[in-house]
Structures are given as C-alpha cells and as structure tokens.
>>> print(open('protein_3.csv').read())   # CSV, C-alpha atoms and all ligand atoms
chain,number,residue,atom,x,y,z
A,1,MET,CA,-89.8,-19.5,74.2
A,2,ALA,CA,-87.0,-22.1,74.2
A,3,THR,CA,-87.6,-25.2,76.3
A,4,ARG,CA,-85.9,-24.7,79.6
A,5,CYS,CA,-85.3,-28.3,80.4
A,6,LEU,CA,-82.4,-29.5,78.2
A,7,GLY,CA,-82.4,-33.2,79.0
A,8,GLU,CA,-81.6,-35.9,81.5
A,9,ARG,CA,-78.5,-37.9,82.4
A,10,GLU,CA,-77.5,-40.2,85.2
A,11,GLY,CA,-80.3,-39.1,87.5
A,12,LEU,CA,-79.9,-35.4,86.9
A,13,THR,CA,-82.1,-33.0,84.9
A,14,PHE,CA,-80.4,-30.1,83.1
A,15,TRP,CA,-81.9,-26.7,82.8
A,16,LEU,CA,-81.2,-23.3,81.3
A,17,ALA,CA,-80.6,-21.0,84.2
A,18,ARG,CA,-83.0,-18.2,84.8
A,19,PRO,CA,-82.9,-15.1,87.1
A,20,ASP,CA,-85.1,-16.7,89.7
A,21,ASP,CA,-82.6,-19.6,90.1
A,22,TYR,CA,-80.2,-17.2,91.8
A,23,ASP,CA,-80.9,-18.3,95.4
A,24,ASP,CA,-80.5,-22.0,94.5
A,25,VAL,CA,-77.2,-21.3,92.7
A,26,MET,CA,-75.9,-19.3,95.7
A,27,SER,CA,-77.0,-22.2,98.0
A,28,ILE,CA,-74.3,-24.4,96.4
A,29,SER,CA,-71.7,-21.7,96.2
A,30,ASP,CA,-71.2,-20.8,99.9
A,31,ASP,CA,-67.6,-21.6,100.3
A,32,ILE,CA,-66.3,-21.3,96.8
A,33,TYR,CA,-62.8,-19.8,96.1
A,34,LEU,CA,-62.5,-19.1,99.8
A,35,GLY,CA,-65.0,-16.3,99.5
A,36,ASN,CA,-63.7,-14.9,96.3
A,37,ASP,CA,-66.5,-16.2,94.1
A,38,TYR,CA,-67.4,-13.8,91.2
A,39,LEU,CA,-70.7,-15.5,90.5
A,40,PRO,CA,-72.9,-13.7,93.0
A,41,HIS,CA,-71.9,-10.5,91.1
A,42,ARG,CA,-71.9,-11.9,87.6
A,43,TYR,CA,-74.9,-14.3,87.6
A,44,HIS,CA,-77.4,-11.9,86.2
A,45,ILE,CA,-74.9,-10.4,83.8
A,46,TRP,CA,-74.1,-13.9,82.5
A,47,LEU,CA,-77.8,-14.6,81.8
A,48,GLU,CA,-77.9,-11.5,79.5
A,49,GLU,CA,-74.6,-12.0,77.9
A,50,PRO,CA,-74.7,-12.8,74.1
A,51,GLY,CA,-73.1,-16.2,73.2
A,52,ARG,CA,-73.3,-17.5,76.8
A,53,VAL,CA,-75.3,-20.3,78.2
A,54,VAL,CA,-75.6,-21.2,81.9
A,55,VAL,CA,-76.6,-24.8,82.6
A,56,LEU,CA,-78.0,-26.0,85.9
A,57,ALA,CA,-78.2,-29.6,87.1
A,58,ARG,CA,-80.9,-30.7,89.5
A,59,ARG,CA,-81.7,-33.9,91.2
A,60,ASP,CA,-85.5,-33.8,91.7
A,61,ALA,CA,-85.9,-30.2,92.7
A,62,LYS,CA,-82.6,-29.8,94.4
A,63,MET,CA,-79.8,-27.8,92.8
A,64,MET,CA,-76.7,-30.0,92.2
A,65,ALA,CA,-74.3,-28.3,89.9
A,66,LEU,CA,-73.7,-25.4,87.5
A,67,GLU,CA,-71.5,-24.9,84.4
A,68,SER,CA,-71.5,-22.1,81.9
A,69,PHE,CA,-69.9,-21.7,78.5
A,70,LEU,CA,-69.3,-18.7,76.3
A,71,VAL,CA,-68.7,-19.0,72.5
A,72,VAL,CA,-65.5,-17.3,71.6
A,73,ASP,CA,-62.8,-17.1,68.9
A,74,GLU,CA,-65.4,-16.4,66.2
A,75,GLY,CA,-67.3,-19.6,66.9
A,76,SER,CA,-64.6,-22.2,67.0
A,77,THR,CA,-64.2,-22.5,70.8
A,78,VAL,CA,-66.1,-22.3,74.0
A,79,VAL,CA,-64.6,-20.9,77.2
A,80,VAL,CA,-66.0,-23.0,80.1
A,81,GLU,CA,-66.5,-21.2,83.4
A,82,GLY,CA,-68.3,-21.3,86.7
A,83,LEU,CA,-68.2,-25.0,87.3
A,84,ARG,CA,-69.4,-25.9,90.8
A,85,VAL,CA,-71.1,-28.9,92.5
A,86,CYS,CA,-73.2,-28.9,95.7
A,87,PRO,CA,-70.8,-29.2,98.7
A,88,THR,CA,-72.4,-32.4,100.0
A,89,GLN,CA,-72.1,-34.1,96.6
A,90,ARG,CA,-68.5,-33.2,95.7
A,91,GLY,CA,-66.1,-36.1,95.0
A,92,THR,CA,-68.9,-38.2,93.6
A,93,GLY,CA,-68.3,-37.5,89.9
A,94,LEU,CA,-71.1,-35.0,89.4
A,95,ALA,CA,-68.7,-32.5,87.8
A,96,GLY,CA,-67.9,-35.1,85.2
A,97,VAL,CA,-71.6,-35.7,84.5
A,98,ILE,CA,-72.4,-32.0,84.0
A,99,GLN,CA,-69.3,-31.5,81.9
A,100,ARG,CA,-70.2,-34.4,79.6
A,101,PHE,CA,-73.7,-33.1,79.3
A,102,VAL,CA,-72.6,-29.6,78.5
A,103,ASP,CA,-70.1,-30.8,75.9
A,104,ALA,CA,-72.8,-32.7,74.1
A,105,TYR,CA,-75.1,-29.7,74.3
A,106,VAL,CA,-72.4,-27.4,72.9
A,107,CYS,CA,-72.0,-29.7,69.9
A,108,GLN,CA,-75.7,-29.8,69.4
A,109,LEU,CA,-76.1,-26.0,69.6
A,110,HIS,CA,-72.8,-25.0,67.9
A,111,PRO,CA,-71.5,-27.7,65.6
A,112,SER,CA,-68.6,-25.5,64.6
A,113,VAL,CA,-67.2,-25.6,68.1
A,114,LYS,CA,-64.5,-28.2,68.4
A,115,VAL,CA,-62.4,-26.9,71.3
A,116,LYS,CA,-63.1,-26.0,75.0
A,117,ARG,CA,-60.8,-23.8,76.9
A,118,LEU,CA,-60.7,-23.2,80.6
A,119,THR,CA,-58.6,-22.0,83.5
A,120,ARG,CA,-58.3,-23.8,86.8
A,121,ASN,CA,-56.8,-22.8,90.0
A,122,ASP,CA,-55.1,-26.1,90.7
A,123,ASP,CA,-52.9,-28.5,88.8
A,124,PRO,CA,-54.3,-32.0,89.3
A,125,GLY,CA,-51.4,-33.6,87.2
A,126,PRO,CA,-51.1,-35.2,83.8
A,127,SER,CA,-53.4,-38.2,84.4
A,128,LYS,CA,-56.4,-36.1,85.4
A,129,LEU,CA,-55.7,-33.7,82.5
A,130,ALA,CA,-55.2,-36.5,80.0
A,131,LYS,CA,-57.9,-35.1,77.7
A,132,PHE,CA,-56.3,-31.6,77.8
A,133,SER,CA,-53.3,-29.7,76.6
A,134,VAL,CA,-51.8,-27.5,79.2
A,135,LEU,CA,-51.2,-24.2,77.4
A,136,ALA,CA,-49.8,-22.1,80.3
A,137,ARG,CA,-49.2,-21.9,84.0
A,138,ARG,CA,-49.3,-18.5,85.8
A,139,ALA,CA,-48.7,-17.4,89.3
A,140,VAL,CA,-51.3,-15.7,91.5
A,141,LEU,CA,-50.3,-13.1,94.1
A,142,SER,CA,-53.0,-11.7,96.4
A,143,PHE,CA,-53.2,-9.0,99.0
A,144,ALA,CA,-56.0,-8.2,101.4
A,145,GLY,CA,-56.7,-5.4,103.9
A,146,GLU,CA,-59.3,-2.8,105.0
A,147,ALA,CA,-60.1,-0.2,102.3
A,148,GLU,CA,-58.6,2.4,104.6
A,149,SER,CA,-55.3,0.6,104.7
A,150,PHE,CA,-55.3,0.2,100.9
A,151,GLU,CA,-55.4,3.9,100.5
A,152,SER,CA,-52.1,4.3,102.2
A,153,PHE,CA,-50.8,1.0,100.6
A,154,VAL,CA,-51.1,2.6,97.2
A,155,SER,CA,-49.4,5.7,98.3
A,156,HIS,CA,-46.7,3.6,99.9
A,157,LEU,CA,-46.1,1.7,96.6
A,158,ARG,CA,-46.0,4.9,94.6
A,159,SER,CA,-43.4,6.4,96.9
A,160,LYS,CA,-41.3,3.2,96.6
A,161,LEU,CA,-41.4,3.7,92.8
A,162,THR,CA,-40.5,7.3,93.0
A,163,ALA,CA,-37.7,6.6,95.4
A,164,SER,CA,-36.2,4.1,93.0
A,165,GLY,CA,-35.0,7.0,90.8
A,166,PRO,CA,-35.7,8.9,87.6
A,167,SER,CA,-35.2,5.8,85.4
A,168,VAL,CA,-38.6,4.3,86.5
A,169,PRO,CA,-40.5,3.3,83.3
A,170,THR,CA,-44.0,4.5,82.8
A,171,VAL,CA,-47.2,3.0,81.5
A,172,VAL,CA,-50.0,4.7,79.6
A,173,PRO,CA,-53.7,4.0,79.6
A,174,LEU,CA,-55.2,2.6,76.4
A,175,GLY,CA,-58.4,4.1,74.9
A,176,THR,CA,-60.8,2.0,72.9
A,177,GLU,CA,-59.2,2.6,69.5
A,178,GLN,CA,-55.6,2.2,70.8
A,179,LEU,CA,-56.6,-1.0,72.5
A,180,ARG,CA,-58.2,-2.4,69.4
A,181,LYS,CA,-55.0,-1.8,67.4
A,182,VAL,CA,-52.8,-3.3,70.2
A,183,LEU,CA,-54.9,-6.4,70.6
A,184,LEU,CA,-55.2,-7.1,66.9
A,185,ASP,CA,-51.4,-6.6,66.3
A,186,PRO,CA,-50.1,-10.1,65.3
A,187,GLY,CA,-46.9,-9.4,67.2
A,188,LEU,CA,-48.6,-8.9,70.5
A,189,PRO,CA,-48.6,-12.5,71.8
A,190,SER,CA,-44.9,-13.0,71.4
A,191,ARG,CA,-43.9,-9.5,72.5
A,192,THR,CA,-46.0,-9.6,75.7
A,193,ARG,CA,-45.6,-13.3,76.1
A,194,LEU,CA,-49.4,-13.9,76.3
A,195,PRO,CA,-49.9,-17.2,78.1
A,196,GLY,CA,-50.9,-19.8,75.5
A,197,GLY,CA,-51.4,-16.9,73.2
A,198,ALA,CA,-54.4,-15.7,75.2
A,199,ILE,CA,-55.4,-12.6,77.2
A,200,ILE,CA,-56.4,-14.2,80.5
A,201,GLN,CA,-58.6,-11.5,82.0
A,202,ASP,CA,-59.8,-12.4,85.5
A,203,TRP,CA,-59.5,-16.1,84.7
A,204,GLN,CA,-61.3,-15.8,81.3
A,205,PRO,CA,-58.9,-16.8,78.5
A,206,LEU,CA,-59.6,-15.1,75.1
A,207,ARG,CA,-57.4,-15.1,72.0
A,208,PRO,CA,-56.7,-11.5,70.9
A,209,MET,CA,-58.9,-11.6,67.8
A,210,GLU,CA,-61.6,-9.4,66.3
A,211,GLY,CA,-64.5,-11.6,67.5
A,212,ASN,CA,-63.4,-11.5,71.1
A,213,LEU,CA,-63.0,-7.7,71.3
A,214,ALA,CA,-66.7,-7.3,71.8
A,215,ILE,CA,-66.6,-9.7,74.8
A,216,LEU,CA,-63.8,-7.7,76.4
A,217,GLY,CA,-65.4,-4.4,75.4
A,218,ARG,CA,-68.6,-5.0,77.3
A,219,LYS,CA,-66.8,-5.3,80.6
A,220,ASP,CA,-65.6,-2.4,82.8
A,221,LEU,CA,-61.8,-2.8,82.3
A,222,ASP,CA,-58.8,-0.6,82.6
A,223,TRP,CA,-55.9,-1.3,80.2
A,224,PHE,CA,-52.4,0.0,80.4
A,225,ALA,CA,-49.3,-0.7,78.3
A,226,ASP,CA,-45.7,0.5,78.2
A,227,LYS,CA,-46.5,2.3,75.0
A,228,GLN,CA,-49.5,2.9,72.8
A,229,GLU,CA,-48.1,1.1,69.8
A,230,ALA,CA,-46.4,-2.3,69.7
A,231,PRO,CA,-46.2,-2.6,73.5
A,232,ALA,CA,-44.0,-5.2,75.2
A,233,PHE,CA,-46.0,-5.0,78.4
A,234,LEU,CA,-49.8,-5.1,78.7
A,235,ALA,CA,-52.0,-5.0,81.8
A,236,VAL,CA,-55.7,-5.1,82.4
A,237,SER,CA,-57.7,-4.8,85.6
A,238,THR,CA,-61.3,-5.1,86.6
A,239,ARG,CA,-63.1,-2.4,88.4
A,240,PRO,CA,-63.5,-3.4,92.1
A,241,TYR,CA,-66.5,-5.8,92.4
A,242,PRO,CA,-68.2,-7.4,95.4
A,243,VAL,CA,-67.4,-10.9,96.6
A,244,PRO,CA,-68.6,-12.7,99.8
A,245,PHE,CA,-65.1,-12.8,101.4
A,246,GLU,CA,-65.3,-12.3,105.2
A,247,GLY,CA,-68.9,-11.0,105.1
A,248,GLY,CA,-68.3,-8.8,102.1
A,249,ALA,CA,-65.3,-7.3,100.3
A,250,LEU,CA,-64.4,-5.6,97.0
A,251,ARG,CA,-62.2,-7.6,94.7
A,252,SER,CA,-59.9,-6.2,92.0
A,253,SER,CA,-58.1,-8.5,89.5
A,254,VAL,CA,-55.0,-7.3,87.8
A,255,ASP,CA,-53.6,-9.4,84.9
A,256,LEU,CA,-50.0,-8.6,83.9
A,257,PHE,CA,-48.5,-9.7,80.6
A,258,GLY,CA,-44.8,-9.3,80.0
A,259,ALA,CA,-41.5,-10.2,81.5
A,260,ASP,CA,-40.3,-6.8,82.8
A,261,PRO,CA,-40.6,-6.6,86.6
A,262,GLU,CA,-40.3,-2.8,86.7
A,263,LEU,CA,-43.1,-2.4,84.2
A,264,ALA,CA,-45.2,-4.9,86.3
A,265,LYS,CA,-44.7,-2.7,89.4
A,266,VAL,CA,-45.6,0.5,87.6
A,267,ALA,CA,-48.6,-1.1,85.9
A,268,LEU,CA,-49.8,-2.5,89.3
A,269,VAL,CA,-49.5,0.9,91.0
A,270,SER,CA,-51.3,2.7,88.1
A,271,MET,CA,-54.1,0.2,88.3
A,272,LEU,CA,-54.5,0.4,92.0
A,273,GLU,CA,-54.6,4.2,91.8
A,274,ARG,CA,-57.3,3.9,89.2
A,275,ALA,CA,-59.2,1.4,91.4
A,276,ARG,CA,-58.9,3.8,94.3
A,277,CYS,CA,-60.6,6.5,92.3
A,278,GLN,CA,-63.4,4.2,91.5
A,279,GLY,CA,-64.0,3.9,95.2
A,280,TRP,CA,-63.2,1.2,97.8
A,281,LEU,CA,-65.7,2.7,100.3
A,282,THR,CA,-65.4,1.2,103.7
A,283,GLU,CA,-65.1,-2.4,102.8
A,284,LYS,CA,-62.4,-4.9,102.8
A,285,VAL,CA,-60.3,-5.1,99.6
A,286,LEU,CA,-58.7,-8.0,97.9
A,287,VAL,CA,-56.4,-7.6,95.0
A,288,HIS,CA,-55.3,-10.6,92.9
A,289,MET,CA,-52.5,-10.3,90.5
A,290,TYR,CA,-51.9,-12.8,87.8
A,291,LEU,CA,-48.4,-12.9,86.3
A,292,GLU,CA,-45.5,-14.8,85.1
A,293,GLU,CA,-44.1,-17.1,87.8
A,294,ALA,CA,-40.6,-15.6,87.3
A,295,LEU,CA,-41.9,-12.2,88.5
A,296,VAL,CA,-43.6,-13.3,91.7
A,297,GLU,CA,-40.7,-12.8,94.1
A,298,GLU,CA,-39.9,-9.3,92.9
A,299,LEU,CA,-43.5,-8.2,93.0
A,300,ARG,CA,-44.0,-9.9,96.4
A,301,SER,CA,-41.1,-8.0,97.9
A,302,PHE,CA,-42.3,-4.7,96.2
A,303,CYS,CA,-45.7,-5.1,97.9
A,304,ASP,CA,-44.2,-6.2,101.3
A,305,GLY,CA,-43.7,-3.9,104.2
A,306,HIS,CA,-47.0,-2.2,104.8
A,307,ALA,CA,-48.7,-2.8,108.1
A,308,GLY,CA,-52.4,-2.8,107.0
A,309,VAL,CA,-52.2,-4.8,103.7
A,310,ARG,CA,-51.0,-8.3,103.9
A,311,GLU,CA,-50.3,-11.0,101.4
A,312,TRP,CA,-53.4,-13.2,101.3
A,313,THR,CA,-52.1,-16.7,100.9
A,314,SER,CA,-53.8,-19.3,98.9
A,315,SER,CA,-52.3,-22.2,97.1
A,316,TRP,CA,-53.8,-21.0,93.8
A,317,LEU,CA,-52.1,-21.0,90.5
A,318,GLN,CA,-53.6,-20.3,87.1
A,319,LEU,CA,-53.6,-23.2,84.7
A,320,LEU,CA,-54.8,-22.6,81.2
A,321,VAL,CA,-55.9,-25.8,79.4
A,322,GLU,CA,-57.7,-26.7,76.1
A,323,GLY,CA,-59.3,-29.9,75.0
A,324,PRO,CA,-61.8,-31.3,72.5
A,325,VAL,CA,-65.5,-30.8,73.0
A,326,GLU,CA,-66.8,-34.3,73.0
A,327,GLU,CA,-70.1,-35.0,71.2
A,328,SER,CA,-71.1,-38.3,72.7
A,329,ASN,CA,-69.5,-39.6,75.8
B,1,LIG,C1,-64.3,-28.6,91.4
B,1,LIG,C2,-65.6,-29.3,91.6
B,1,LIG,C3,-66.6,-28.8,90.6
B,1,LIG,C4,-65.4,-30.8,91.3
B,1,LIG,O1,-66.6,-31.5,91.5
B,1,LIG,P1,-66.7,-33.0,91.9
B,1,LIG,O2,-68.0,-33.6,91.6
B,1,LIG,O3,-66.2,-33.1,93.3
B,1,LIG,O4,-65.6,-33.6,91.0
B,1,LIG,P2,-64.9,-35.1,91.0
B,1,LIG,O5,-63.7,-35.0,91.9
B,1,LIG,O6,-65.9,-36.1,91.4
B,1,LIG,O7,-64.4,-35.2,89.5
B,1,LIG,C5,-65.4,-35.4,88.5
B,1,LIG,C6,-64.9,-34.7,87.2
B,1,LIG,O8,-64.7,-33.3,87.4
B,1,LIG,C7,-63.4,-32.9,86.9
B,1,LIG,N1,-62.9,-31.8,87.7
B,1,LIG,C8,-62.6,-31.7,89.0
B,1,LIG,N2,-62.2,-30.5,89.3
B,1,LIG,C9,-62.3,-29.7,88.1
B,1,LIG,C10,-62.0,-28.4,87.8
B,1,LIG,N3,-61.5,-27.6,88.8
B,1,LIG,N4,-62.1,-28.0,86.6
B,1,LIG,C11,-62.6,-28.8,85.6
B,1,LIG,N5,-62.9,-30.1,85.9
B,1,LIG,C12,-62.7,-30.6,87.1
B,1,LIG,C13,-62.6,-34.2,87.2
B,1,LIG,O9,-61.4,-34.1,86.3
B,1,LIG,C14,-63.5,-35.3,86.8
B,1,LIG,O10,-63.6,-35.4,85.4
B,1,LIG,P3,-63.9,-36.8,84.7
B,1,LIG,O11,-65.2,-37.4,85.3
B,1,LIG,O12,-64.1,-36.5,83.2
B,1,LIG,O13,-62.7,-37.6,85.0
B,1,LIG,C15,-66.1,-29.2,93.1
B,1,LIG,O14,-65.1,-29.6,94.0
B,1,LIG,C16,-66.6,-27.8,93.4
B,1,LIG,O15,-67.7,-27.4,93.2
B,1,LIG,N6,-65.6,-27.0,94.0
B,1,LIG,C17,-65.9,-25.6,94.3
B,1,LIG,C18,-65.8,-24.8,93.0
B,1,LIG,C19,-64.6,-24.9,92.3
B,1,LIG,O16,-63.5,-24.8,92.8
B,1,LIG,N7,-64.7,-25.0,90.9
B,1,LIG,C20,-63.5,-25.2,90.1
B,1,LIG,C21,-63.5,-24.2,89.0
B,1,LIG,S1,-61.7,-23.9,88.5
>>> encode(input="protein_3.csv", output="structure tokens", more="lines below")
Ligand SMILES: CC(C)(COP(=O)(O)OP(=O)(O)OC[C@H]1O[C@@H](n2cnc3c(N)ncnc32)[C@H](O)[C@@H]1OP(=O)(O)O)[C@@H](O)C(=O)NCCC(=O)NCCS
Amino acid sequence: MATRCLGEREGLTFWLARPDDYDDVMSISDDIYLGNDYLPHRYHIWLEEPGRVVVLARRDAKMMALESFLVVDEGSTVVVEGLRVCPTQRGTGLAGVIQRFVDAYVCQLHPSVKVKRLTRNDDPGPSKLAKFSVLARRAVLSFAGEAESFESFVSHLRSKLTASGPSVPTVVPLGTEQLRKVLLDPGLPSRTRLPGGAIIQDWQPLRPMEGNLAILGRKDLDWFADKQEAPAFLAVSTRPYPVPFEGGALRSSVDLFGADPELAKVALVSMLERARCQGWLTEKVLVHMYLEEALVEELRSFCDGHAGVREWTSSWLQLLVEGPVEESN
C-alpha cells in the first residue's frame, strides 16, 4: 500500500485523502461557495476517480487545507480543483503552501505534466495572477427556488419560447457516439467559441480531446446541440446533485457554449425539462448557468417574471487560467 503521508512543509504534513477523512474535510468546508459546495457530494467519487489525487494538509492532527488534481489532456496537464483552507486560517498564506507542495508532488508523480489549469470564481487582478495566463472569462447566472416553483418555472419558460413564434430554433440531445464525434471535431472550439478552447463542465475545464472523453463519460451529463453534426451551439448539464445550501438543496449546472441567445434559451429549457424528469423532489433547487458575458442580459430577462424562482445573486464569474507546474519553489 502506498505511503499515505506525502511529506512536510512549513509546519504542515501532507496526506493522501481517505474515505474516513470525510468529516474532517467537511469541518473546514462549512461556508464554502455560499452553500454551493460540490465536495460533500463528490468527495468519495473523487477518491475512486482514475488519475485523481486528493491531498490534505494537517497541522498536528488538525485539518488545515485540501487541494486535488486530475491528470488530463493525455498526461500533459493537471486540472486543479477543490482548494480550501480552514476558515480560521484563511489569509495566512496556507493556500500558497498547499499549492506549492501539490505542484512539487505532481512533478514527482507525473514528470510529463508541465501545465496546471484551473477555474476560479473571482478575478484577483493581474498582479495576483502573474504566474498564470487568463484564457477565458465567463458569466455566471443563477436561479433559486422551491422545487415546486421550479416545476412551473420550467413550464413558464417553455411557454415563453412557444409564444415567440414558429421560428424558434431547436436543440437535439447527443448520444454517446454523436457526442464523441462532436467533441473530437477540430472545428468545434471555434464554431462554439469554447472558452480558452476548453469545455468547462461545472467548473472543470477539459480540452475536447480523446483522452478527456473518458473523464466526461464517467459523469452523469446531458448534452444538447443545435445539430448532431458540426454544431455551432453546445450545452451540457449535470444531473441535479445535493449541496448544503440553506440546509439542503439540489443543484444543477448548465454550461452553454455558443453566441446565439435563442439557442441558449432553448438549450436551457430543454435541460431544465430533463432535470425535472430526473426529480427535484421536495427540496430547494439552484440552477447555475455559465455562458458568454454578452448573453447574460438576454438570458436574465428571459428567466425573469416568475414569482417563485428568483435570480440568486452572487458576485461570481468564471475565470479560466493556466500556468506552469513548478517543481521546486
Ligand atoms: C480561497 C482560499 C483557499 C485562499 O486561502 P488563503 O490561505 O486565505 O489564501 P491567501 O490569501 O493567504 O493566499 C495564499 C495563496 O493562495 C492563492 N489563492 C487565493 N485564492 C485562490 C483561489 N481562489 N484559487 C487559487 N489560488 C488562490 C493566492 O494567490 C496565494 O498564492 P501565492 O502564495 O502563490 O501568492 C480560502 O479563502 C478558502 O478556503 N476559501 C473558501 C473556498 C474557496 O473559495 N476556494 C477557491 C476555489 S476557486
């Protein structure tokens, strides 16, 4: 069995995460993303995921921080996710310590990896991002309501579409083989304006290449496009999954790629209808949409005007950055 303790740095010890660390990880995750944290749902999935490592930092026995990486792009890149620091220790540089440790560990474990890619929900400005290239900036538009209200919200949006006349475009679901063809089509990034050339699926940025298809394929995702071949619009959504928001809610994430607002509306409604079939039960529902900044106002006004489902405001944006993995720092 691999040694679980990975090393020491600046008063912290670093460990490979195990299933029984779950409670300690949750103890530093209380307030994360205003209740929208995916990790309570994904922690055990991550521990089983091929190519992923979850690293924990402790001071003595106390949990201090977590960061995870996933090897992507056929071994040349890691996607870094899950970064978090114990609330009482934030602002003291611990995020930098775990990131430097993890970089060195990536180099040791995967010498072919030269690049790390990540998304963040803020833009701290050029000086804080000096080591990174900013590849893309996307908007986040979110809605929240009771599951019951979402039922009528979806019907409300569908009737708005229908009322806008017979010229409303359509989207089609993509099956596994169609999706594979679409994603491996070299024209896809420019036609659908993939941000930084990547499919960002619920914050995880992956280049559309063969080696990444398995990563996307092991998730429960629904894909839609304006057509089954050479689409100019692509959309992907998660099945609703539980997050801690206001004592427990279901979250759906809808990523929209393309510039056409009418297709964005149709894709959104199709995905919400699909999510509704998968069951919102009696909980609160949160839907996050990730899209081009130029589409926000039109999508916002399309979703406006329903009594039970309101825009859930946060100051989030989605910033896609890439930088070098640094061996010794
Ligand atoms: C974001 C968070 C991890 C920063 O931790 P911290 O210890 O307070 O960070 P500091 O402000 O002391 O900054 C330390 C380093 O972390 C980096 N950092 C800060 N926020 C970051 C972020 N969102 N993503 C990546 N790196 C980040 C800083 O650039 C700095 O790097 P450097 O040492 O190489 O210059 C912490 O506030 C946290 O746990 N927040 C809740 C979870 C969260 O929002 N995670 C962000 C994922 S997008």
>>> residues_around(input="protein_3.csv", residues="A:Asp226", least_positions_apart="5", cutoff="9 Å", atoms="all atoms listed in the file", output="PyMOL selection string")
chain A and resi 169-173+231-234+263+267
>>> residues_near_point(input="protein_3.csv", point="(-78.9, -33.8, 89.5)", cutoff="6 Å", atoms="all atoms listed in the file", output="PDB file with C-alpha atoms, in the coordinates of the input")
ATOM      1  CA  GLY A  11     -80.300 -39.100  87.500  1.00  0.00           C
ATOM      2  CA  LEU A  12     -79.900 -35.400  86.900  1.00  0.00           C
ATOM      3  CA  THR A  13     -82.100 -33.000  84.900  1.00  0.00           C
ATOM      4  CA  ALA A  57     -78.200 -29.600  87.100  1.00  0.00           C
ATOM      5  CA  ARG A  58     -80.900 -30.700  89.500  1.00  0.00           C
ATOM      6  CA  ARG A  59     -81.700 -33.900  91.200  1.00  0.00           C
ATOM      7  CA  MET A  64     -76.700 -30.000  92.200  1.00  0.00           C
TER       8      MET A  64
END
>>> residues_near_ligand(input="protein_3.csv", ligand="ligand LIG 1 (chain B)", cutoff="7 Å", atoms="all atoms listed in the file", output="JSON, numbers by chain")
{"A": [32, 33, 82, 83, 84, 85, 86, 87, 89, 90, 91, 92, 93, 94, 95, 96, 97, 119, 120, 121, 122, 128, 129]}
>>> closest_residue(input="protein_3.csv", among="A:Ala17, A:Ile199, A:Val325, A:Val254", to="A:Val78", atoms="all atoms listed in the file")
A:Val325
>>> closest_residue(input="protein_3.csv", among="A:Lys131, A:Lys160, A:Lys116, A:Phe224", to="A:Ala104", atoms="only C-alpha atoms")
A:Lys116
>>> atom_distance(input="protein_3.csv", atom1="atom CA of A:Val309", atom2="atom CA of A:Asp220")
24.9 Å
>>> closest_residue(input="protein_3.csv", among="A:Leu39, A:Ala275, A:Leu317, A:Val25", to="A:Val154", atoms="only C-alpha atoms")
A:Ala275
>>> closest_residue(input="protein_3.csv", among="A:Asp123, A:Glu322, A:Glu49, A:Asp222", to="A:Gly196", atoms="all atoms listed in the file")
A:Glu322
>>> closest_residue(input="protein_3.csv", among="A:Asp255, A:Glu262, A:Glu326, A:Glu146", to="A:Glu292", atoms="all atoms listed in the file")
A:Asp255
>>> residues_around(input="protein_3.csv", residues="A:Leu206", least_positions_apart="6", cutoff="10 Å", atoms="only C-alpha atoms", output="PDB file with C-alpha atoms, keeping the file's coordinate frame")
ATOM      1  CA  VAL A  72     -65.500 -17.300  71.600  1.00  0.00           C
ATOM      2  CA  ASP A  73     -62.800 -17.100  68.900  1.00  0.00           C
ATOM      3  CA  THR A  77     -64.200 -22.500  70.800  1.00  0.00           C
ATOM      4  CA  VAL A  78     -66.100 -22.300  74.000  1.00  0.00           C
ATOM      5  CA  VAL A  79     -64.600 -20.900  77.200  1.00  0.00           C
ATOM      6  CA  ARG A 117     -60.800 -23.800  76.900  1.00  0.00           C
ATOM      7  CA  LEU A 118     -60.700 -23.200  80.600  1.00  0.00           C
ATOM      8  CA  GLY A 196     -50.900 -19.800  75.500  1.00  0.00           C
ATOM      9  CA  GLY A 197     -51.400 -16.900  73.200  1.00  0.00           C
ATOM     10  CA  ALA A 198     -54.400 -15.700  75.200  1.00  0.00           C
ATOM     11  CA  ILE A 199     -55.400 -12.600  77.200  1.00  0.00           C
ATOM     12  CA  ILE A 200     -56.400 -14.200  80.500  1.00  0.00           C
ATOM     13  CA  ASN A 212     -63.400 -11.500  71.100  1.00  0.00           C
ATOM     14  CA  LEU A 213     -63.000  -7.700  71.300  1.00  0.00           C
ATOM     15  CA  ILE A 215     -66.600  -9.700  74.800  1.00  0.00           C
ATOM     16  CA  LEU A 216     -63.800  -7.700  76.400  1.00  0.00           C
TER      17      LEU A 216
END
>>> closest_residue(input="protein_3.csv", among="A:Val115, A:Met63, A:Leu319, A:Met271", to="A:Val134", atoms="all atoms listed in the file")
A:Leu319
>>> atom_distance(input="protein_3.csv", atom1="atom CA of A:Phe14", atom2="atom CA of A:Glu81")
16.5 Å
>>> residues_near_point(input="protein_3.csv", point="(-75.0, -38.9, 75.4)", cutoff="9 Å", atoms="all atoms listed in the file", output="number ranges by chain")
A: 9, 100-101, 104, 327-329
>>> residues_around(input="protein_3.csv", residues="A:Gly248", least_positions_apart="6", cutoff="8 Å", atoms="all atoms listed in the file", output="PyMOL selection string")
chain A and resi 242+283-284
